[in-house]
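Student: Questions regarding the structure given below will be posed in turn.
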Amino acid sequence: MIECPNCHNKELPGALFCRECGAQLVGIAGMSTQTIPGIPTDRLVAEAQKLPSSPTPAAPTGVAVSLHIFDTGEILPLEGRTEFTLGRSAEGQPILPDIDLAPYHAYENGVSRLHASLSLSQGQVSVTDLGSANGTRLNNQKIPPHKPYQLKHGDTVALGKLRIQLLICS
Amino acid sequence: MVDETLYDLLGLPRDATSEEIRRAYREKARRLHPDHNEKPGETQLFIDIQQAYETLSNPEEKQRYDKNLPTQPQTPQPLLTRVQYSRASLTQMADPQLVYVLLELLPRPDADLPTPPLNICLVLDCSTSMQGARLDAVKATAIELVRQMRPQDIISVVRFSDRAESLVPAGMNINRASIETRIQVMQASGGTEIYQGLEAGMTEVRRYCSNNHINHVILITDGRTYGDEEACLRLADLATTQGIGISSLGIGSQWNDRFLDQLTARTGGNSKYIAKAEDIRQFLHEKVIRLGHSYAEHLTYQFETGPGVEVTYAFRLNPETSLLEIANPLIFGSVPRDASHNLLLEFTIRDIPPEDRQTILAKGVITFHIPGQKVQINHRQRLEFSRPVSPEPDTEPPSATLVQAMARLTLYRMQERARQDIEKGQIKEATRRLQNLATHLLAQGQRDLARSVLNEVSHIQQHQAFSEEGDKKIKYGTRSLMLPPGTKEKKS
């Protein structure tokens, strides 16, 4: 028996998807992700202009991947599954994103209810914009919706204006 | 056919095993038995297959017979097959496990054949509920189709309500103007008895039914038939054995989708749903174009599974998504000229004994015919699915194509299961599942469909049941997600 990391439903070995919640249970061969080359000049320009460049906090130990919310400095560990949707909860809406950003001024920062998704597989993390209203930026570059982009430690993802940093503990 | 061999009689390849011979004989004998057969000449056929079986079931006689068989001309197989498995190997264990198979069937690239003529019958529901926009749209489209038919095509039209009437009998060299008038004056009245319509439609198609034609009944209805479902299903089985396909279009929310799915799947056809009368035109045109693009027709897979193996789910992704009925033989449907026939199969393996190195999932023969070929032969191709067994679970991930296909199918199965939950009275489970489904749909950018699912959730919370309209919207909506990219279907 294999267990769904999302809803803990038991499936027969060989199952590809959870029948209860629809979560994917296996990796994909040759999944294509696009990498946007990091632009080191960004940081140089920021330093030159003496802008408060935010330091990269240490990732909590024992957790592979976590998110650092710039505005509040909070760190959210990502655990227990391989796919996370990011967004904000709204009253009267039955759909809850896996990571609810409502407490971090998501509404004011233009975060959609289902904004983006993060997927973790074999130490790789990628982000996909889910067709959000205000778009997703990766290191200040807007990414087109519904396409996965690979992330590395320290990358900044902006959902609307809400900036989040990815921390990967190697 | 000239020089028919005993193997041809039984619909088997020459290397058929004794088990296959026995099975084919039984299946044919049951159908052709003088107590059941339908057409003149079938009793003689029954006697012939008995003689064939007597010879082929006796090893000595079989050997003698095989020696005298003329050598078979070596022709390349007309269908290319590609098989993708979800796992490189099965795991040695005593517990059940699953494996998924994506089967692709393609016409050989050098197979350039003329488009075969159509032999189709439109079976039109003229019950009272069709009155107005629906009937008008059906009439207008039927007239357009009659005008578009090539001289070699045969089109017939049957109208039905409580009884059926052949409005335009099948035939060539007909006066098109008079057909149009007859369609134009069609009036709506009475109830919906699908059996009546189907029976009359099949009678029309049968007049010119041959393997050189594409024989198809297109049923258009908006209502529920009562009490004659079983008879209809028997008729569908008969249609399959006679080489006639049945497809259906349900308009609005009142028709019985499960019944029509079952009816059409048995013949390799499919059923579709449209919400509005305006979409009738598009459906019918697409349907007729698709029929004209068929390369191989009536693919039937007669198979044996390995010990402890079971086919637990079968779904056709292309052409025309449809849930297949789990039966032996499996009715695959047709292979288009310009694309592949894609099928997803789920096999459940109960247990694998320690000494096994290889598990046969299924092995058997697909039979079909190619209407465009001048000389008709019953084509047969072997098709086998098997996997090696290893002591350790394999870690190689499945191909992206298979995972994508399964991702879509999972959404369809989630709504299927939500429906089963409701039947069992598990309202909470059903709504939770539908909410999960909506989340996945939103993540894929299917906003409209996701909204329909959420509306349905609130309907279920209030009424403890699906609404008739939402039910079909979600079922056929998630189904149309599975069409390969590029074949856009209009959302209804």
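Residue numbers start at 1 in each chain; chains themselves are named A, B, ... in the order of the structure tokens; ligands are numbered from 1 in the order shown.
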For chain B, which residues have at least one atom within 6 Å of chain A, if we go by only C-alpha atoms? Write them as JSON, numbers by chain, please.
Tutor: {"B": [97, 98, 99, 397, 398, 399, 400, 436, 443]}
Student: Mind writing the picked residues with all heavy atoms as an mmCIF file, in the first residue's frame?
Tutor:
data_model
loop_
_atom_site.group_PDB
_atom_site.id
_atom_site.type_symbol
_atom_site.label_atom_id
_atom_site.label_comp_id
_atom_site.auth_asym_id
_atom_site.auth_seq_id
_atom_site.Cartn_x
_atom_site.Cartn_y
_atom_site.Cartn_z
ATOM 1 N N GLN B 97 -1.584 -5.036 -6.874
ATOM 2 C CA GLN B 97 -0.918 -3.839 -7.389
ATOM 3 C C GLN B 97 -1.524 -3.451 -8.731
ATOM 4 O O GLN B 97 -2.270 -4.217 -9.332
ATOM 5 C CB GLN B 97 0.580 -4.077 -7.512
ATOM 6 C CG GLN B 97 0.952 -5.321 -8.301
ATOM 7 C CD GLN B 97 2.449 -5.571 -8.266
ATOM 8 O OE1 GLN B 97 3.222 -4.679 -8.545
ATOM 9 N NE2 GLN B 97 2.846 -6.788 -7.923
ATOM 10 N N LEU B 98 -1.200 -2.241 -9.155
ATOM 11 C CA LEU B 98 -1.793 -1.707 -10.378
ATOM 12 C C LEU B 98 -0.728 -1.420 -11.423
ATOM 13 O O LEU B 98 0.416 -1.106 -11.094
ATOM 14 C CB LEU B 98 -2.479 -0.360 -10.084
ATOM 15 C CG LEU B 98 -3.645 -0.327 -9.124
ATOM 16 C CD1 LEU B 98 -4.017 1.125 -8.843
ATOM 17 C CD2 LEU B 98 -4.827 -1.060 -9.717
ATOM 18 N N VAL B 99 -1.130 -1.514 -12.676
ATOM 19 C CA VAL B 99 -0.271 -1.003 -13.740
ATOM 20 C C VAL B 99 -1.182 -0.399 -14.810
ATOM 21 O O VAL B 99 -2.278 -0.902 -15.069
ATOM 22 C CB VAL B 99 0.674 -2.093 -14.292
ATOM 23 C CG1 VAL B 99 -0.078 -3.241 -14.920
ATOM 24 C CG2 VAL B 99 1.645 -1.506 -15.314
ATOM 25 N N PRO B 397 10.359 6.744 -13.059
ATOM 26 C CA PRO B 397 9.035 7.374 -13.181
ATOM 27 C C PRO B 397 8.433 7.143 -14.571
ATOM 28 O O PRO B 397 9.176 6.960 -15.526
ATOM 29 C CB PRO B 397 9.339 8.852 -12.947
ATOM 30 C CG PRO B 397 10.780 9.016 -13.249
ATOM 31 C CD PRO B 397 11.454 7.706 -13.030
ATOM 32 N N PRO B 398 7.100 7.120 -14.648
ATOM 33 C CA PRO B 398 6.448 6.907 -15.946
ATOM 34 C C PRO B 398 6.625 8.108 -16.866
ATOM 35 O O PRO B 398 7.010 9.185 -16.429
ATOM 36 C CB PRO B 398 4.978 6.730 -15.573
ATOM 37 C CG PRO B 398 4.826 7.379 -14.248
ATOM 38 C CD PRO B 398 6.141 7.283 -13.564
ATOM 39 N N SER B 399 6.330 7.920 -18.143
ATOM 40 C CA SER B 399 6.532 8.988 -19.115
ATOM 41 C C SER B 399 5.541 10.121 -18.891
ATOM 42 O O SER B 399 4.455 9.919 -18.350
ATOM 43 C CB SER B 399 6.369 8.444 -20.529
ATOM 44 O OG SER B 399 4.994 8.326 -20.818
ATOM 45 N N ALA B 400 5.930 11.316 -19.314
ATOM 46 C CA ALA B 400 5.085 12.489 -19.107
ATOM 47 C C ALA B 400 3.744 12.335 -19.822
ATOM 48 O O ALA B 400 2.707 12.736 -19.296
ATOM 49 C CB ALA B 400 5.812 13.738 -19.594
ATOM 50 N N ASN B 436 -12.288 19.059 -4.091
ATOM 51 C CA ASN B 436 -10.934 18.743 -4.556
ATOM 52 C C ASN B 436 -10.852 18.856 -6.068
ATOM 53 O O ASN B 436 -9.901 19.393 -6.621
ATOM 54 C CB ASN B 436 -10.550 17.316 -4.152
ATOM 55 C CG ASN B 436 -10.113 17.232 -2.706
ATOM 56 O OD1 ASN B 436 -9.612 18.200 -2.159
ATOM 57 N ND2 ASN B 436 -10.336 16.095 -2.091
ATOM 58 N N ALA B 443 -6.676 25.029 -10.891
ATOM 59 C CA ALA B 443 -5.227 25.028 -11.088
ATOM 60 C C ALA B 443 -4.880 24.813 -12.552
ATOM 61 O O ALA B 443 -3.823 25.201 -13.009
ATOM 62 C CB ALA B 443 -4.579 23.954 -10.222
#
Student: Going by DSSP on the backbone, which residues of range 137-265 of chain B come out as helix (DSSP H, G or I)? List them as an MDAnalysis selection string.
Tutor: chainID B and resid 137:148 176:184 194:207 229:241 257:265
Student: For the structure I just gave you, how does DSSP split range 57-222 of chain B - specifically, which residues are strand (DSSP E)? Reply as JSON, numbers by chain.
Tutor: {"B": [79, 80, 81, 82, 83, 84, 85, 90, 91, 97, 98, 99, 100, 101, 102, 103, 104, 105, 106, 107, 118, 119, 120, 121, 122, 123, 124, 125, 154, 155, 156, 157, 158, 159, 160, 164, 165, 166, 167, 168, 214, 215, 216, 217, 218, 219, 220, 221]}
Student: Identify, on the basis of only C-alpha atoms, every residue whose closest approach to Ile214 in chain B does not exceed 10 Å; exclude the query and any residue fewer than 4 positions from it along the same chain; express the result as a PyMOL selection string.
Tutor: chain B and resi 115-120+153-154+205+209-210+243-245+291-298+370-372
Student: Kindly export the residues of the current selection with N, CA and C atoms, as a short mmCIF file (atom, residue, chain, number, x, y, z; two decimals), in the first residue's frame.
Tutor:
data_model
loop_
_atom_site.label_atom_id
_atom_site.label_comp_id
_atom_site.auth_asym_id
_atom_site.auth_seq_id
_atom_site.Cartn_x
_atom_site.Cartn_y
_atom_site.Cartn_z
N THR B 115 -11.31 7.60 -49.48
CA THR B 115 -12.26 7.71 -48.38
C THR B 115 -13.45 6.82 -48.68
N PRO B 116 -13.80 5.96 -47.75
CA PRO B 116 -14.92 5.07 -48.01
C PRO B 116 -16.25 5.81 -47.97
N PRO B 117 -17.26 5.31 -48.68
CA PRO B 117 -18.56 5.95 -48.61
C PRO B 117 -19.22 5.75 -47.25
N LEU B 118 -20.05 6.70 -46.89
CA LEU B 118 -20.77 6.61 -45.62
C LEU B 118 -22.11 5.92 -45.85
N ASN B 119 -22.56 5.24 -44.83
CA ASN B 119 -23.91 4.69 -44.83
C ASN B 119 -24.46 5.01 -43.45
N ILE B 120 -25.10 6.19 -43.35
CA ILE B 120 -25.52 6.63 -42.02
C ILE B 120 -27.02 6.88 -41.95
N ASP B 153 -22.41 8.37 -51.07
CA ASP B 153 -22.86 8.22 -49.68
C ASP B 153 -24.34 7.87 -49.61
N ILE B 154 -24.68 7.21 -48.52
CA ILE B 154 -26.09 6.86 -48.31
C ILE B 154 -26.53 7.48 -47.00
N VAL B 205 -29.93 1.25 -42.11
CA VAL B 205 -28.48 1.10 -42.34
C VAL B 205 -28.18 -0.29 -42.90
N CYS B 209 -25.60 -2.14 -45.72
CA CYS B 209 -24.50 -2.40 -44.80
C CYS B 209 -23.44 -3.29 -45.44
N SER B 210 -22.20 -2.82 -45.53
CA SER B 210 -21.12 -3.67 -46.01
C SER B 210 -19.85 -3.19 -45.36
N GLY B 243 -21.51 -4.97 -37.71
CA GLY B 243 -20.62 -3.94 -38.22
C GLY B 243 -21.27 -2.56 -38.28
N ILE B 244 -22.21 -2.31 -37.39
CA ILE B 244 -22.85 -0.99 -37.35
C ILE B 244 -22.49 -0.32 -36.03
N GLY B 245 -22.07 0.93 -36.12
CA GLY B 245 -21.76 1.68 -34.91
C GLY B 245 -22.94 2.55 -34.53
N LEU B 291 -16.61 10.52 -38.96
CA LEU B 291 -16.94 9.21 -39.54
C LEU B 291 -16.22 9.05 -40.87
N GLY B 292 -16.21 10.12 -41.66
CA GLY B 292 -15.54 10.07 -42.96
C GLY B 292 -14.04 9.89 -42.84
N HIS B 293 -13.47 10.23 -41.67
CA HIS B 293 -12.03 10.13 -41.48
C HIS B 293 -11.60 8.80 -40.88
N SER B 294 -12.51 7.88 -40.83
CA SER B 294 -12.17 6.61 -40.19
C SER B 294 -11.30 5.76 -41.11
N TYR B 295 -10.26 5.15 -40.54
CA TYR B 295 -9.38 4.28 -41.32
C TYR B 295 -9.75 2.81 -41.07
N ALA B 296 -9.76 2.43 -39.82
CA ALA B 296 -10.12 1.06 -39.47
C ALA B 296 -11.35 1.11 -38.58
N GLU B 297 -12.27 0.18 -38.80
CA GLU B 297 -13.54 0.20 -38.09
C GLU B 297 -13.70 -1.05 -37.22
N HIS B 298 -14.51 -0.88 -36.19
CA HIS B 298 -14.94 -2.00 -35.35
C HIS B 298 -13.79 -2.82 -34.80
N ILE B 370 -10.97 -2.58 -42.77
CA ILE B 370 -10.58 -1.28 -43.30
C ILE B 370 -11.50 -0.97 -44.48
N PRO B 371 -12.49 -0.11 -44.27
CA PRO B 371 -13.51 0.11 -45.30
C PRO B 371 -12.94 0.60 -46.63
N GLY B 372 -11.80 1.32 -46.61
CA GLY B 372 -11.24 1.87 -47.84
C GLY B 372 -10.60 0.82 -48.75
#
Student: As a tab-separated table (two decimals) with all heavy atoms, in the first residue's frame, please: the residues near Asp356 in chain B (cut-off 10 Å, only C-alpha atoms, same-chain neighbours under 4 positions excluded).
Tutor:
chain	number	residue	atom	x	y	z
B	92	GLN	N	7.43	-8.10	-7.10
B	92	GLN	CA	7.15	-9.42	-6.56
B	92	GLN	C	6.47	-9.29	-5.20
B	92	GLN	O	7.11	-8.86	-4.25
B	92	GLN	CB	8.51	-10.12	-6.42
B	92	GLN	CG	8.49	-11.40	-5.67
B	92	GLN	CD	7.79	-12.41	-6.49
B	92	GLN	OE1	8.31	-12.85	-7.48
B	92	GLN	NE2	6.59	-12.75	-6.09
B	352	ILE	N	1.58	-12.01	-7.22
B	352	ILE	CA	2.54	-12.58	-8.14
B	352	ILE	C	3.32	-13.66	-7.39
B	352	ILE	O	4.02	-13.36	-6.43
B	352	ILE	CB	3.50	-11.50	-8.69
B	352	ILE	CG1	2.68	-10.43	-9.42
B	352	ILE	CG2	4.52	-12.12	-9.62
B	352	ILE	CD1	3.51	-9.28	-9.92
B	388	PRO	N	7.87	-7.48	-16.97
B	388	PRO	CA	8.77	-8.30	-16.15
B	388	PRO	C	8.47	-8.10	-14.67
B	388	PRO	O	7.88	-7.08	-14.29
B	388	PRO	CB	10.16	-7.76	-16.51
B	388	PRO	CG	9.93	-6.41	-17.09
B	388	PRO	CD	8.55	-6.40	-17.66
B	389	VAL	N	8.88	-9.06	-13.88
B	389	VAL	CA	8.66	-8.97	-12.43
B	389	VAL	C	10.02	-8.83	-11.77
B	389	VAL	O	10.97	-9.52	-12.14
B	389	VAL	CB	7.97	-10.24	-11.91
B	389	VAL	CG1	7.85	-10.21	-10.40
B	389	VAL	CG2	6.61	-10.40	-12.56
B	390	SER	N	10.15	-7.90	-10.85
B	390	SER	CA	11.42	-7.78	-10.13
B	390	SER	C	11.14	-7.83	-8.63
B	390	SER	O	10.05	-7.48	-8.19
B	390	SER	CB	12.14	-6.49	-10.51
B	390	SER	OG	11.46	-5.38	-9.95
Student: Using only C-alpha atoms, which protein or nucleic acid residues come within 7 Å of Asn318 in chain B? Drop anything in the same chain fewer than 3 positions from it, and give the result as a PyMOL selection string.
Tutor: chain B and resi 321+341-342+483
Student: Can you spit out the residues from that selection as an mmCIF file, in the first residue's frame, using C-alpha atoms?
Tutor:
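Below you can see selection-v7.cif, which holds the result:
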data_model
loop_
_atom_site.group_PDB
_atom_site.id
_atom_site.type_symbol
_atom_site.label_atom_id
_atom_site.label_comp_id
_atom_site.auth_asym_id
_atom_site.auth_seq_id
_atom_site.Cartn_x
_atom_site.Cartn_y
_atom_site.Cartn_z
ATOM 1 C CA THR B 321 -13.463 10.094 -25.460
ATOM 2 C CA HIS B 341 -6.411 5.722 -31.438
ATOM 3 C CA ASN B 342 -5.442 6.149 -27.780
ATOM 4 C CA LEU B 483 -9.094 15.167 -25.805
#
Student: Find the residues around Asp155 in chain A up to 7 Å (only C-alpha atoms counted), leave out those fewer than 6 positions away in its own chain, and share them as number ranges by chain.
Tutor: A: 139, 165-166
